[in-house]
$ cat final25.cif   # mmCIF, C-alpha atoms
data_coords
loop_
_atom_site.label_atom_id
_atom_site.label_comp_id
_atom_site.auth_asym_id
_atom_site.auth_seq_id
_atom_site.Cartn_x
_atom_site.Cartn_y
_atom_site.Cartn_z
CA MET A 1 25.69 -25.99 154.36
CA ILE A 2 22.61 -23.85 153.48
CA THR A 3 20.31 -26.74 154.44
CA PHE A 4 22.04 -27.03 157.81
CA VAL A 5 21.64 -23.31 158.50
CA LEU A 6 17.92 -23.42 157.64
CA LEU A 7 17.37 -26.43 159.90
CA ALA A 8 19.29 -24.73 162.72
CA ALA A 9 17.13 -21.59 162.31
CA MET A 10 13.93 -23.62 162.41
CA LEU A 11 15.04 -25.43 165.57
CA THR A 12 15.98 -22.11 167.18
CA MET A 13 12.58 -20.61 166.40
CA ALA A 14 10.86 -23.71 167.81
CA SER A 15 12.88 -23.30 171.00
CA VAL A 16 11.85 -19.64 171.20
CA VAL A 17 8.17 -20.57 170.89
CA LEU A 18 8.46 -23.28 173.55
CA VAL A 19 10.18 -20.95 176.01
CA ALA A 20 8.25 -17.72 175.31
CA THR A 21 4.71 -19.15 175.21
CA PRO A 22 4.49 -20.00 178.95
CA LEU A 23 5.98 -16.63 179.82
CA LEU A 24 3.39 -14.73 177.79
CA ARG A 25 0.40 -16.75 179.04
CA ARG A 26 -1.55 -15.31 181.99
CA SER A 27 -1.45 -17.35 185.17
CA GLY A 28 -4.50 -18.98 186.70
CA ALA A 29 -4.78 -16.17 189.33
CA GLY A 30 -5.23 -13.62 186.55
CA SER A 31 -1.78 -12.05 186.89
CA PRO A 32 -0.30 -10.77 183.60
CA GLY A 33 2.39 -12.64 181.70
CA ALA A 34 6.03 -11.64 181.50
CA PRO A 35 6.52 -10.21 177.98
CA TRP A 36 9.88 -8.64 178.72
CA THR A 37 11.18 -11.87 180.15
CA ALA A 38 9.87 -13.73 177.08
CA LEU A 39 11.59 -11.21 174.77
CA ALA A 40 14.86 -11.49 176.66
CA ALA A 41 14.73 -15.29 176.54
CA ALA A 42 13.99 -15.26 172.81
CA GLY A 43 16.83 -12.85 172.14
CA LEU A 44 19.22 -14.93 174.21
CA LEU A 45 18.29 -18.09 172.30
CA VAL A 46 18.62 -16.52 168.85
CA VAL A 47 21.82 -14.52 169.44
CA GLY A 48 23.42 -17.14 171.68
CA SER A 49 22.90 -20.00 169.23
CA ALA A 50 24.30 -17.93 166.35
CA VAL A 51 27.39 -16.93 168.36
CA LEU A 52 28.00 -20.47 169.54
CA TYR A 53 27.76 -21.92 165.97
CA VAL A 54 30.23 -19.36 164.62
CA THR A 55 32.63 -19.75 167.57
CA TRP A 56 32.68 -23.52 168.01
CA SER A 57 32.17 -24.84 164.47
CA ASN A 58 35.12 -25.48 162.13
CA TRP A 59 33.34 -24.15 159.04
CA PRO A 60 35.18 -21.21 157.35
CA TRP A 61 32.39 -18.64 157.73
CA HIS A 62 34.33 -15.91 155.93
CA PRO A 63 33.83 -16.19 152.13
CA ALA A 64 37.33 -14.84 151.49
CA ALA A 65 38.86 -17.79 153.34
CA ILE A 66 37.00 -20.21 151.09
CA ALA A 67 37.85 -18.31 147.91
CA ASP A 68 41.56 -18.14 148.78
CA SER A 69 42.02 -21.85 149.59
CA PRO A 70 44.32 -23.81 147.22
CA GLN A 71 41.54 -26.26 146.38
CA SER A 72 39.21 -23.41 145.40
CA MET A 73 41.84 -21.71 143.26
CA VAL A 74 42.62 -24.97 141.45
CA ALA A 75 38.91 -25.60 140.92
CA GLN A 76 38.55 -22.11 139.40
CA LEU A 77 41.45 -22.81 137.04
CA ALA A 78 39.91 -26.14 136.02
CA ARG A 79 36.57 -24.45 135.30
CA ARG A 80 38.28 -21.79 133.21
CA LEU A 81 40.10 -24.40 131.15
CA GLU A 82 36.76 -26.07 130.39
CA HIS A 83 35.93 -22.97 128.34
CA ASP A 84 39.49 -22.24 127.16
CA SER A 85 40.79 -25.74 126.46
CA GLY A 86 43.53 -24.53 124.13
CA ASP A 87 45.58 -22.84 126.88
CA LEU A 88 48.76 -24.94 127.00
CA ASN A 89 50.33 -23.06 129.91
CA GLY A 90 47.06 -23.27 131.81
CA TRP A 91 46.99 -27.08 131.55
CA LEU A 92 50.63 -27.23 132.67
CA MET A 93 49.82 -25.06 135.69
CA LEU A 94 46.79 -27.22 136.49
CA GLY A 95 48.94 -30.36 136.32
CA ARG A 96 51.52 -28.87 138.70
CA SER A 97 48.75 -27.79 141.06
CA TYR A 98 47.20 -31.26 141.14
CA ILE A 99 50.65 -32.75 141.92
CA VAL A 100 50.91 -30.44 144.96
CA LEU A 101 47.41 -31.50 146.06
CA GLN A 102 48.38 -35.16 145.51
CA GLU A 103 45.56 -35.59 142.98
CA TYR A 104 47.74 -37.73 140.71
CA PRO A 105 45.10 -39.07 138.25
CA LEU A 106 43.86 -35.52 137.65
CA ALA A 107 47.45 -34.30 137.27
CA ALA A 108 48.16 -36.99 134.67
CA ARG A 109 45.02 -35.96 132.78
CA ALA A 110 46.00 -32.27 132.82
CA PHE A 111 49.55 -32.95 131.63
CA GLY A 112 48.13 -35.30 128.99
CA ARG A 113 45.97 -32.46 127.62
CA ALA A 114 49.04 -30.20 127.54
CA LEU A 115 51.00 -32.91 125.72
CA SER A 116 48.25 -33.24 123.10
CA LEU A 117 48.18 -29.47 122.57
CA SER A 118 51.97 -29.42 122.06
CA GLY A 119 51.89 -32.27 119.56
CA GLY A 120 53.91 -34.44 121.94
CA LYS A 121 56.82 -31.97 121.95
CA ASN A 122 56.57 -30.31 125.37
CA VAL A 123 59.17 -31.67 127.79
CA GLU A 124 57.38 -30.42 130.93
CA ALA A 125 54.18 -32.13 129.81
CA LEU A 126 56.08 -35.37 129.14
CA THR A 127 57.90 -35.42 132.48
CA GLY A 128 54.85 -34.11 134.35
CA GLU A 129 52.57 -36.87 133.11
CA ALA A 130 55.29 -39.46 133.76
CA GLU A 131 55.76 -38.19 137.33
CA ALA A 132 52.02 -38.17 138.01
CA LEU A 133 51.60 -41.71 136.65
CA ALA A 134 54.57 -42.99 138.69
CA LEU A 135 53.39 -41.32 141.90
CA GLY A 136 50.01 -42.94 141.44
CA ASP A 137 51.43 -46.36 140.56
CA GLU A 138 55.17 -47.05 140.63
CA SER A 139 54.80 -49.90 138.14
CA GLU A 140 54.00 -47.26 135.48
CA LEU A 141 57.78 -46.71 135.27
CA ASP A 142 57.85 -50.01 133.38
CA GLY A 143 55.13 -48.82 131.01
CA ARG A 144 53.86 -45.47 129.75
CA ALA A 145 55.74 -43.37 132.32
CA GLY A 146 59.05 -44.91 131.27
CA ARG A 147 58.32 -44.27 127.58
CA LEU A 148 57.37 -40.64 128.28
CA ILE A 149 60.67 -40.10 130.13
CA GLU A 150 62.69 -41.46 127.19
CA GLN A 151 60.77 -39.16 124.83
CA ALA A 152 61.58 -36.20 127.07
CA LEU A 153 65.30 -37.07 127.09
CA ALA A 154 65.30 -37.38 123.31
CA LEU A 155 63.82 -33.86 123.05
CA GLU A 156 65.90 -32.28 125.82
CA PRO A 157 68.95 -34.33 126.93
CA ASN A 158 69.78 -31.75 129.62
CA SER A 159 66.36 -31.70 131.28
CA GLY A 160 67.01 -32.09 135.00
CA LYS A 161 63.72 -33.81 135.82
CA ALA A 162 63.97 -36.10 132.78
CA LEU A 163 67.53 -37.10 133.72
CA PHE A 164 66.56 -37.83 137.33
CA LEU A 165 63.50 -39.86 136.36
CA GLY A 166 65.42 -41.56 133.55
CA ALA A 167 68.19 -42.57 135.96
CA ALA A 168 65.59 -43.98 138.35
CA VAL A 169 64.02 -46.01 135.52
CA ALA A 170 67.42 -47.34 134.42
CA ALA A 171 68.29 -48.36 137.99
CA ARG A 172 64.88 -50.02 138.35
CA HIS A 173 65.60 -52.08 135.22
CA GLY A 174 69.05 -53.05 136.50
CA ASP A 175 70.90 -50.95 133.90
CA LEU A 176 73.36 -49.48 136.39
CA PRO A 177 75.80 -48.04 133.82
CA LEU A 178 73.02 -46.02 132.20
CA ALA A 179 71.68 -44.95 135.60
CA ARG A 180 75.13 -43.74 136.62
CA GLU A 181 75.61 -41.87 133.36
CA ARG A 182 72.35 -39.99 133.83
CA PHE A 183 72.97 -39.17 137.49
CA ALA A 184 76.50 -37.98 136.62
CA LYS A 185 75.20 -35.78 133.82
CA LEU A 186 72.59 -34.34 136.17
CA LEU A 187 75.33 -33.60 138.70
CA SER A 188 77.34 -31.73 136.05
CA LEU A 189 74.37 -29.38 135.50
CA ASN A 190 74.87 -27.83 138.98
CA PRO A 191 71.59 -28.87 140.62
CA ALA A 192 70.15 -27.12 143.68
CA PRO A 193 72.24 -27.55 146.88
CA GLU A 194 69.51 -29.61 148.56
CA ILE A 195 69.41 -32.00 145.58
CA ARG A 196 73.16 -32.49 145.05
CA PRO A 197 73.74 -34.78 148.10
CA ILE A 198 70.91 -37.07 146.94
CA ILE A 199 72.47 -37.44 143.48
CA GLU A 200 75.95 -38.01 144.91
CA GLN A 201 74.55 -40.69 147.21
CA GLN A 202 72.93 -42.46 144.25
CA ILE A 203 76.20 -42.37 142.26
CA SER A 204 78.17 -43.74 145.22
CA ALA A 205 75.70 -46.59 145.66
CA ILE A 206 75.97 -47.49 141.95
CA ASP A 207 79.79 -47.29 142.05
CA GLU A 208 79.78 -49.72 144.96
CA LYS A 209 77.58 -52.16 143.04
CA LEU A 210 79.80 -51.84 139.96
CA GLY A 211 82.89 -52.54 142.07
CA MET A 212 84.46 -49.11 141.56
CA SER A 213 86.84 -48.00 144.32
CA PRO A 214 86.42 -44.51 145.84
CA ALA A 215 89.74 -43.41 144.32
CA LYS A 216 88.71 -44.58 140.88
CA ALA A 217 85.31 -42.96 141.23
CA ALA A 218 87.00 -39.67 142.13
CA ALA A 219 89.24 -39.96 139.07
CA VAL A 220 86.24 -40.57 136.86
CA GLN A 221 84.49 -37.54 138.31
CA GLN A 222 87.59 -35.42 137.56
CA ASP A 223 87.68 -36.73 134.00
CA GLN A 224 84.01 -35.80 133.68
CA ALA A 225 84.61 -32.29 134.95
CA ALA A 226 87.54 -31.82 132.56
CA ALA A 227 85.47 -33.10 129.66
CA GLY A 228 82.66 -30.73 130.56
CA ALA A 229 85.03 -27.76 130.85
CA GLY A 230 86.45 -28.52 127.43
CA GLY A 231 83.05 -28.91 125.79
CA GLY A 232 83.09 -32.68 126.03
CA GLY A 233 86.06 -33.19 123.75
CA ALA A 234 86.02 -34.61 120.21
CA ARG A 235 85.27 -38.27 119.83
CA ASP A 236 87.46 -40.51 117.70
CA ALA A 237 85.23 -41.16 114.70
CA THR A 238 87.42 -44.07 113.55
CA ALA A 239 87.26 -45.93 116.89
CA ILE A 240 84.82 -48.81 116.54
CA VAL A 241 84.54 -52.30 117.98
CA ARG A 242 82.64 -54.82 115.86
CA VAL A 243 81.87 -58.34 117.06
CA ASN A 244 79.60 -61.14 115.89
CA VAL A 245 78.17 -62.70 119.05
CA THR A 246 77.19 -66.37 119.05
CA VAL A 247 76.46 -68.82 121.85
CA ALA A 248 77.91 -72.29 122.27
CA PRO A 249 75.34 -75.06 121.62
CA SER A 250 75.78 -76.37 125.16
CA LEU A 251 74.65 -72.99 126.60
CA GLY A 252 71.98 -72.07 124.08
CA ALA A 253 69.12 -73.17 126.31
CA MET A 254 70.26 -70.74 129.05
CA ALA A 255 69.59 -67.60 127.00
CA GLY A 256 65.81 -67.47 127.10
CA ALA A 257 64.39 -63.95 127.29
CA ALA A 258 67.30 -62.59 129.36
CA PRO A 259 68.99 -59.44 128.01
CA LEU A 260 72.43 -59.50 126.38
CA PHE A 261 75.06 -57.01 127.58
CA VAL A 262 78.15 -56.30 125.48
CA PHE A 263 80.93 -54.39 127.27
CA VAL A 264 84.20 -52.83 126.18
CA ARG A 265 86.68 -52.72 129.07
CA ASP A 266 90.20 -51.44 129.62
CA PRO A 267 92.13 -54.55 130.81
CA ALA A 268 94.75 -52.34 132.48
CA GLN A 269 92.26 -50.49 134.69
CA GLY A 270 89.20 -51.25 136.76
CA GLY A 271 86.10 -49.19 137.01
CA PRO A 272 83.09 -48.95 134.74
CA PRO A 273 83.23 -50.15 131.12
CA LEU A 274 84.42 -47.85 128.35
CA ALA A 275 81.27 -48.67 126.38
CA VAL A 276 78.20 -50.85 126.85
CA LYS A 277 75.10 -51.92 124.97
CA ARG A 278 72.01 -53.72 126.20
CA LEU A 279 70.41 -55.94 123.56
CA GLU A 280 67.93 -58.75 123.14
CA SER A 281 69.33 -62.27 123.31
CA HIS A 282 69.13 -63.60 119.76
CA PHE A 283 72.05 -65.27 118.01
CA PRO A 284 74.06 -64.80 115.91
CA GLN A 285 74.05 -61.04 116.42
CA SER A 286 76.45 -58.41 115.04
CA VAL A 287 77.19 -55.60 117.47
CA ALA A 288 79.09 -52.36 116.89
CA LEU A 289 80.26 -50.19 119.79
CA THR A 290 81.76 -46.70 119.50
CA PRO A 291 82.78 -43.96 121.96
CA ALA A 292 79.16 -42.77 121.70
CA ASP A 293 78.25 -45.84 123.79
CA SER A 294 80.40 -44.64 126.69
CA MET A 295 78.67 -44.82 130.07
CA VAL A 296 80.78 -42.01 131.57
CA PRO A 297 81.45 -38.80 129.61
CA GLY A 298 85.16 -38.42 128.82
CA ARG A 299 85.94 -42.11 129.51
CA VAL A 300 86.11 -43.70 126.05
CA PHE A 301 88.31 -46.03 123.99
CA ALA A 302 90.43 -44.83 121.08
CA THR A 303 92.03 -46.08 117.88
CA GLY A 304 95.16 -48.12 118.58
CA GLN A 305 94.01 -49.21 122.03
CA SER A 306 93.83 -52.87 123.05
CA VAL A 307 90.58 -53.56 124.87
CA GLN A 308 88.64 -56.48 126.28
CA VAL A 309 85.18 -57.17 124.86
CA VAL A 310 82.75 -59.16 127.01
CA ALA A 311 79.32 -60.49 126.00
CA ARG A 312 77.16 -61.71 128.84
CA ILE A 313 73.63 -63.06 129.05
CA ALA A 314 72.20 -61.44 132.19
CA ARG A 315 69.80 -64.07 133.50
CA SER A 316 69.05 -61.82 136.49
CA GLY A 317 68.41 -58.84 134.22
CA SER A 318 71.19 -56.86 135.90
CA PRO A 319 74.35 -55.65 134.12
CA VAL A 320 76.34 -56.73 137.17
CA GLY A 321 77.50 -60.33 136.66
CA VAL A 322 76.09 -62.99 138.96
CA SER A 323 76.79 -66.67 139.34
CA GLY A 324 75.30 -68.71 136.49
CA ASP A 325 75.45 -66.00 133.80
CA PRO A 326 76.79 -67.32 130.46
CA PHE A 327 79.54 -65.11 129.00
CA GLY A 328 82.39 -64.93 126.54
CA GLU A 329 85.30 -62.52 126.04
CA ILE A 330 88.01 -61.61 123.55
CA THR A 331 90.85 -59.13 123.17
CA TYR A 332 90.22 -56.54 120.48
CA HIS A 333 92.65 -54.07 118.84
CA VAL A 334 90.70 -50.91 118.02
CA GLY A 335 91.36 -49.60 114.53
CA HIS A 336 93.11 -52.82 113.46
CA ASP A 337 90.60 -55.63 113.92
CA GLY A 338 87.44 -55.75 111.87
CA LEU A 339 84.42 -57.93 112.58
CA VAL A 340 85.57 -60.52 115.10
CA SER A 341 83.71 -63.58 116.38
CA LEU A 342 82.84 -63.61 120.09
CA VAL A 343 81.47 -66.88 121.41
CA ILE A 344 79.56 -67.12 124.70
CA ASN A 345 81.00 -70.39 125.95
CA ARG A 346 81.50 -70.03 129.72
CA VAL A 347 79.42 -69.64 132.84
CA THR A 348 80.14 -67.20 135.67
CA PRO A 349 81.19 -69.26 138.71
#
$ encode --input "final25.cif" --output "C-alpha cells"
Amino acid sequence: MITFVLLAAMLTMASVVLVATPLLRRSGAGSPGAPWTALAAAGLLVVGSAVLYVTWSNWPWHPAAIADSPQSMVAQLARRLEHDSGDLNGWLMLGRSYIVLQEYPLAARAFGRALSLSGGKNVEALTGEAEALALGDESELDGRAGRLIEQALALEPNSGKALFLGAAVAARHGDLPLARERFAKLLSLNPAPEIRPIIEQQISAIDEKLGMSPAKAAAVQQDQAAAGAGGGGARDATAIVRVNVTVAPSLGAMAGAAPLFVFVRDPAQGGPPLAVKRLESHFPQSVALTPADSMVPGRVFATGQSVQVVARIARSGSPVGVSGDPFGEITYHVGHDGLVSLVINRVTP
C-alpha cells in the first residue's frame, strides 16, 4: 500500500507541474502569468485527489480498523505463540479462531501443538484437531480424525463434541447401534435447545433404519430417562452370553473382509438388540457379550432370561441385514448355558 501511495503522490505532482507551468509562463504579448490561478489549480489537484482516494477506495484508512479485524487479532496471537510456544490455552484459542476463519489446516496444526503440550490428554485438543481435519477433508473421519475422536471418548465419555463426532463416525461406518447409543447419550446430557432437534432427528432416522416403531422408540427413551435418573442402575455381573462362532464350509468363501456382527435379541420384543459386538470375520471365534455391550442404556439382558443370539457376516458393512448376508442363530439361556456353538449356515433372502 505504501508503494501505491508514493506512486499516486508522484503522479499528482506531475499533474500539478503540467497544469501550473503554462499558467505561470508569460504570454507572447508580454502579459504576466497567472500565479494565483496556478496555485489554486495545484491545490485543487492535490487536495481533490487525496479526498477522492479516501472517499472512493475500499482500503481501511483508519489504523484502528485494521488492528481490530479478526484476521489481525488472530495473526497477533499466532506471532505471540511463536515466542511463547508452551502456552496450551493459547494454542487452543488459536485453533478455535482458525476454525471460525475457516483456515482448517492451520486450525489442525494449532490443535496438534496443544495436543502435544498436553501429552495427548486434552479432550478439546483431540476433538478440535479431529473437527479441523474432517472439515478440511471428510475422508479423515476414516483415518486420523476418527482415531482422535475415539481417544477423546476414552478420556471423557460425556464430552458433547466427542459424542456427536463419534456418532457421526459410527453412522458413516454403518454401525447404527453404536451411532444411536452415542446420540442418545448426548441427548441425555441436556444439549442446547438449538441442538436438541438435530439429535432427535438423527435418532429417529436410525430407529427407522433399525426397524423400530415410534411406540417402541418412545419406550426405549423412557427406559433411558429412568436409568439416568437412577444413576444408570446396577448391571448383572453374572449375565454373560458366550458363543463359539463358526461358518459352514459351503459359505466360507462369502466371508472375505466383511465385518462380523454378533447380536443378543429379546425374541419376545422388537426394537434394537440387547447387546451387540462388531468383530473381524475370522473363524472359529469365541465371543462373549455382557450387559456392558448394550446399545441403549437401561436395555440389557439378565440372568435367567432366554434370548436369541445372531451372528451375521455383513457383506455390505452395515449392521442392518441385507439380502445375501450369511447368518446363523441360536436360543441361549443366560446364566444356564455356557459356551455354545453358533454356526453361520444360512443366507438372508
$ atom_distance --input "final25.cif" --atom1 "atom CA of A:Ala114" --atom2 "atom CA of A:Ala179"
28.2 Å
$ closest_residue --input "final25.cif" --among "A:Pro259, A:Gly128, A:Pro70, A:Gly338" --to "A:Arg96" --atoms "only C-alpha atoms"
A:Gly128
$ resolve_selection --input "final25.cif" --expression "the PyMOL selection byres ((chain A and resi 178) around 10)" --output "MDAnalysis selection string"
chainID A and resid 166:171 174:177 179:184 276:278 293:296 319
$ resolve_selection --input "final25.cif" --expression "the PyMOL selection byres ((chain A and resi 155) around 12)" --output "MDAnalysis selection string"
chainID A and resid 120:127 148:154 156:159 162:163
$ closest_residue --input "final25.cif" --among "A:Ser116, A:Arg109, A:Tyr104, A:Phe164" --to "A:Ala134" --atoms "all atoms listed in the file"
A:Tyr104
$ resolve_selection --input "final25.cif" --expression "the PyMOL selection byres ((chain A and resi 249) around 12)" --output "PDB file with C-alpha atoms, keeping the file's coordinate frame"
ATOM      1  CA  THR A 246      77.190 -66.370 119.050  1.00  0.00           C
ATOM      2  CA  VAL A 247      76.460 -68.820 121.850  1.00  0.00           C
ATOM      3  CA  ALA A 248      77.910 -72.290 122.270  1.00  0.00           C
ATOM      4  CA  SER A 250      75.780 -76.370 125.160  1.00  0.00           C
ATOM      5  CA  LEU A 251      74.650 -72.990 126.600  1.00  0.00           C
ATOM      6  CA  GLY A 252      71.980 -72.070 124.080  1.00  0.00           C
ATOM      7  CA  ALA A 253      69.120 -73.170 126.310  1.00  0.00           C
ATOM      8  CA  MET A 254      70.260 -70.740 129.050  1.00  0.00           C
ATOM      9  CA  ALA A 255      69.590 -67.600 127.000  1.00  0.00           C
ATOM     10  CA  PHE A 283      72.050 -65.270 118.010  1.00  0.00           C
ATOM     11  CA  PRO A 284      74.060 -64.800 115.910  1.00  0.00           C
ATOM     12  CA  PRO A 326      76.790 -67.320 130.460  1.00  0.00           C
ATOM     13  CA  VAL A 343      81.470 -66.880 121.410  1.00  0.00           C
ATOM     14  CA  ILE A 344      79.560 -67.120 124.700  1.00  0.00           C
ATOM     15  CA  ASN A 345      81.000 -70.390 125.950  1.00  0.00           C
ATOM     16  CA  ARG A 346      81.500 -70.030 129.720  1.00  0.00           C
TER      17      ARG A 346
END
$ closest_residue --input "final25.cif" --among "A:Met73, A:Leu81, A:Ala257, A:Val241" --to "A:Leu289" --atoms "all atoms listed in the file"
A:Val241
$ residues_around --input "final25.cif" --residues "A:Arg196" --least-positions-apart "4" --cutoff "12 Å" --atoms "all atoms listed in the file" --output "NGL selection string"
:A and (160 or 164 or 183-192 or 200-203)
$ write_last_selection --input "final25.cif" --atoms "C-alpha atoms" --output "mmCIF file, keeping the file's coordinate frame"
data_model
loop_
_atom_site.group_PDB
_atom_site.id
_atom_site.type_symbol
_atom_site.label_atom_id
_atom_site.label_comp_id
_atom_site.auth_asym_id
_atom_site.auth_seq_id
_atom_site.Cartn_x
_atom_site.Cartn_y
_atom_site.Cartn_z
ATOM 1 C CA GLY A 160 67.010 -32.090 135.000
ATOM 2 C CA PHE A 164 66.560 -37.830 137.330
ATOM 3 C CA PHE A 183 72.970 -39.170 137.490
ATOM 4 C CA ALA A 184 76.500 -37.980 136.620
ATOM 5 C CA LYS A 185 75.200 -35.780 133.820
ATOM 6 C CA LEU A 186 72.590 -34.340 136.170
ATOM 7 C CA LEU A 187 75.330 -33.600 138.700
ATOM 8 C CA SER A 188 77.340 -31.730 136.050
ATOM 9 C CA LEU A 189 74.370 -29.380 135.500
ATOM 10 C CA ASN A 190 74.870 -27.830 138.980
ATOM 11 C CA PRO A 191 71.590 -28.870 140.620
ATOM 12 C CA ALA A 192 70.150 -27.120 143.680
ATOM 13 C CA GLU A 200 75.950 -38.010 144.910
ATOM 14 C CA GLN A 201 74.550 -40.690 147.210
ATOM 15 C CA GLN A 202 72.930 -42.460 144.250
ATOM 16 C CA ILE A 203 76.200 -42.370 142.260
#
$ axis_aligned_box --input "final25.cif" --around "stretch 117-135 of chain A" --padding-each-side "5 Å" --output "lines of an AutoDock Vina configuration file"
center_x = 53.7
center_y = -36.2
center_z = 130.7
size_x = 21.0
size_y = 23.6
size_z = 32.3
$ atom_distance --input "final25.cif" --atom1 "atom CA of A:Leu274" --atom2 "atom CA of A:Ser318"
17.7 Å
$ closest_residue --input "final25.cif" --among "A:Leu77, A:Ile240, A:Leu141, A:Val347" --to "A:Ser97" --atoms "all atoms listed in the file"
A:Leu77
$ atom_distance --input "final25.cif" --atom1 "atom CA of A:Ile195" --atom2 "atom CA of A:Pro273"
27.0 Å
$ closest_residue --input "final25.cif" --among "A:Gln71, A:Asn89, A:Ser281, A:Ser323" --to "A:Val245" --atoms "all atoms listed in the file"
A:Ser281
